[in-house]
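Report on the following structure.
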Amino acid sequence: MKKFIISSLIAVLVSSCGGGETSVDDVIATEDLAQLREKKEALTIQRDSLNNRIGRLDRAIAAVDTVQKLSLVSTFQVKDTIFNHFVELQGNVSTRKNLILNAEYAGILQELKVEEGQKVQRGQVLAVLDDGGLGAQLAQLQSQAELAKTTFERQKRLWDQNIGSEIQYLTAKTQFESASNAVTQLKNQLAKTRITAPFSGTIDQVIADPGANLSPGMPVIRIVSLENMYVEVEVPEIYLPNIKKGTSVRVYFPVLGEEVETKVRQVSDFIRPSNRTFNVEVGVPSLNGMVKPNLNARVFINDYSSEDAILIPQSIITENAAGEQYVYVAKEIDQQNRAVVEQTVVRVGKSQGDLVEILEGVKAGDAVIEEGARSLLPGQRVKILK
């Protein structure tokens, strides 16, 4: 059958160049411009006709030649899917409840009421300093304040009955108020000799030992709470329109091998002029105490989502000399899984891992060529492997 088709093609070519026609050399010899143009137009028509018939013969040969060698390729059918793009950043776990409690009063550390690792409640007394006699002074002032109060109350009753002078009443009132203020001031000063927990947490470190002579500002105890922890990251300003409070986030802790899903809880309103970044704060759980302040974390912030995205592997996209990116798509697939290669220019969007979103050029249902794509040419026939 193949020999018959080739013989027919030769016959067509011979008949198309029929012996009765003036040869090209004869027409050139005439040096007649009109004849030259007429001959060229006739040959052009013959060429187009031959190309059309040759193409038909090629397709016929491909249809009946069962032993022809076709390039083997693999394809995958494009489907639309949900696509979530994440920007990856590095950060450290922080907490606002990580404090070093300092001495507010000069004196000797008389008693340490806690030890490292102990759980404490807000307001609990953690350490006591020697008050240097402030307690005795307070007791004396309180007695004087009680006497001044009694005197004032009696003088007020007399004054209400128009008995006694106004100056006596005012003097008693002034003495009472002065004594009360002195008691309050001494109580506040005496309170500085006691270090109390500002919040519920754990004693992480005892810095000063009992008997140490402390001065105001010297560190005594570190207290930490693993509640309300967060990761703070610096985000390039280009992502500002896409990241806001409530944006979905994945936080991965490499040391623990654990990942949690959370949300952005605060976006800074200030952009650093030095590196054009803004702060984003992401709340994280303690994971039963495993997550601790200053733990390294990798933060993945969802800055873009699409419900019906077209995703293909980045590795099969090729770029031509004009800078256009393209893929090969299998068209005219027959029952024997033979197909024609079509080169399709695509416009790409965001990528995630080895996948890239296709915005234009490929649609759902297309059979995109994957393996074997690098050695193909447009219009080439191929065999698709199942």
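Following the order of the structure tokens, chains are lettered A, B, ..., residues in each are numbered from 1, and ligands are numbered from 1.
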- Item | Selection: 8 Å around segment 183-186 of chain A, only C-alpha atoms, excl. self and same-chain fewer than 2 positions, as an NGL selection string | :A and (134 or 138 or 141-142 or 145 or 179-181 or 188-190)
- Neighbours of segment 243-260 of chain A within 6 Å (only C-alpha atoms; same-chain residues fewer than 4 positions away dropped), as a PyMOL selection string? chain A and resi 264-266+297-303
- Which parts of segment 44-245 of chain A does DSSP call helix (DSSP H, G or I) when run on the backbone here, written out as a PyMOL selection string? chain A and resi 44-64+134-160+166-191+237-242
Counting only C-alpha atoms, what is within 12 Å of Tyr328 of chain A, bar same-chain residues fewer than 5 positions away, as a PDB file with C-alpha atoms, in the first residue's frame?
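That gives us out-v6.pdb:
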```pdb
ATOM      1  CA  VAL A  73       5.319  10.949  25.368  1.00  0.00           C
ATOM      2  CA  SER A  74       3.254  11.041  28.526  1.00  0.00           C
ATOM      3  CA  THR A  75       0.469  13.526  29.181  1.00  0.00           C
ATOM      4  CA  PHE A  76      -1.722  14.636  32.037  1.00  0.00           C
ATOM      5  CA  ILE A 312       1.088  22.496  35.926  1.00  0.00           C
ATOM      6  CA  ILE A 316       7.668  21.413  31.554  1.00  0.00           C
ATOM      7  CA  ILE A 317       7.477  25.131  30.719  1.00  0.00           C
ATOM      8  CA  THR A 318       9.968  26.270  28.073  1.00  0.00           C
ATOM      9  CA  GLU A 319      10.938  29.779  26.981  1.00  0.00           C
ATOM     10  CA  ALA A 339      -1.746  12.767  18.611  1.00  0.00           C
ATOM     11  CA  VAL A 340      -0.426  15.943  17.016  1.00  0.00           C
ATOM     12  CA  VAL A 341       1.826  18.266  19.025  1.00  0.00           C
ATOM     13  CA  GLU A 342       0.667  21.861  19.395  1.00  0.00           C
ATOM     14  CA  GLN A 343       2.877  24.554  20.912  1.00  0.00           C
ATOM     15  CA  THR A 344       0.832  26.798  23.234  1.00  0.00           C
ATOM     16  CA  VAL A 345       2.112  30.089  24.653  1.00  0.00           C
ATOM     17  CA  VAL A 346       1.087  30.526  28.308  1.00  0.00           C
ATOM     18  CA  GLY A 361      -3.010  29.522  27.297  1.00  0.00           C
ATOM     19  CA  VAL A 362      -4.136  26.245  28.875  1.00  0.00           C
ATOM     20  CA  ASP A 366      -6.275  19.945  27.853  1.00  0.00           C
ATOM     21  CA  ALA A 367      -3.791  17.078  27.567  1.00  0.00           C
ATOM     22  CA  VAL A 368      -0.447  18.701  28.376  1.00  0.00           C
ATOM     23  CA  ILE A 369       2.654  16.743  27.351  1.00  0.00           C
ATOM     24  CA  GLU A 370       4.958  16.048  30.295  1.00  0.00           C
ATOM     25  CA  GLU A 371       7.662  13.449  29.648  1.00  0.00           C
ATOM     26  CA  GLY A 372       9.343  13.773  26.255  1.00  0.00           C
ATOM     27  CA  ALA A 373       8.300  17.405  25.751  1.00  0.00           C
ATOM     28  CA  ARG A 374      11.855  18.746  25.440  1.00  0.00           C
ATOM     29  CA  SER A 375      12.563  16.970  22.106  1.00  0.00           C
ATOM     30  CA  LEU A 376       9.307  17.775  20.279  1.00  0.00           C
ATOM     31  CA  LEU A 377       8.454  20.139  17.434  1.00  0.00           C
ATOM     32  CA  PRO A 378       5.111  21.796  16.652  1.00  0.00           C
ATOM     33  CA  GLY A 379       2.972  19.666  14.335  1.00  0.00           C
ATOM     34  CA  GLN A 380       4.892  16.461  15.116  1.00  0.00           C
ATOM     35  CA  ARG A 381       2.918  13.268  15.571  1.00  0.00           C
ATOM     36  CA  VAL A 382       3.516  11.375  18.811  1.00  0.00           C
TER      37      VAL A 382
END
```
- Message: Could you list, as a PyMOL selection string, every residue within 8 Å of segment 99-108 of chain A, counting only C-alpha atoms and ignoring same-chain residues fewer than 5 positions away?
- Response: chain A and resi 129-132+192-193+195+210-224
Keeping only C-alpha atoms, take the residues you just selected and write them out as a PDB file, in the first residue's frame.
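File written: selection_19.pdb
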```pdb
ATOM      1  CA  LEU A 129      13.571  42.108 101.493  1.00  0.00           C
ATOM      2  CA  ASP A 130      14.587  43.378 104.945  1.00  0.00           C
ATOM      3  CA  ASP A 131      12.445  46.484 105.499  1.00  0.00           C
ATOM      4  CA  GLY A 132      15.006  48.222 107.714  1.00  0.00           C
ATOM      5  CA  LYS A 192       8.469  47.592  97.658  1.00  0.00           C
ATOM      6  CA  THR A 193      10.197  45.225 100.076  1.00  0.00           C
ATOM      7  CA  ILE A 195       8.335  41.103  95.152  1.00  0.00           C
ATOM      8  CA  PRO A 210      18.939  34.908  99.988  1.00  0.00           C
ATOM      9  CA  GLY A 211      21.240  37.201 101.938  1.00  0.00           C
ATOM     10  CA  ALA A 212      22.273  39.204  98.881  1.00  0.00           C
ATOM     11  CA  ASN A 213      22.472  42.938  99.414  1.00  0.00           C
ATOM     12  CA  LEU A 214      20.203  44.423  96.755  1.00  0.00           C
ATOM     13  CA  SER A 215      19.782  47.900  95.409  1.00  0.00           C
ATOM     14  CA  PRO A 216      16.932  49.248  93.268  1.00  0.00           C
ATOM     15  CA  GLY A 217      17.071  47.851  89.727  1.00  0.00           C
ATOM     16  CA  MET A 218      18.994  44.677  90.534  1.00  0.00           C
ATOM     17  CA  PRO A 219      17.423  41.506  88.963  1.00  0.00           C
ATOM     18  CA  VAL A 220      15.975  38.944  91.346  1.00  0.00           C
ATOM     19  CA  ILE A 221      13.608  36.537  89.534  1.00  0.00           C
ATOM     20  CA  ARG A 222      12.543  35.763  85.953  1.00  0.00           C
ATOM     21  CA  ILE A 223       8.893  34.763  85.490  1.00  0.00           C
ATOM     22  CA  VAL A 224       7.504  33.398  82.217  1.00  0.00           C
TER      23      VAL A 224
END
```
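Of the listed residues (A:Val93, A:Ala208, A:Pro273, A:Ala330), A:Val93 comes nearest to Pro285 of chain A; the distances count only C-alpha atoms.
Closest approach to Glu332 of chain A from the set A:Arg347, A:Lys383, A:Lys363, A:Lys149 is made by A:Lys383, with distances taken over only C-alpha atoms.
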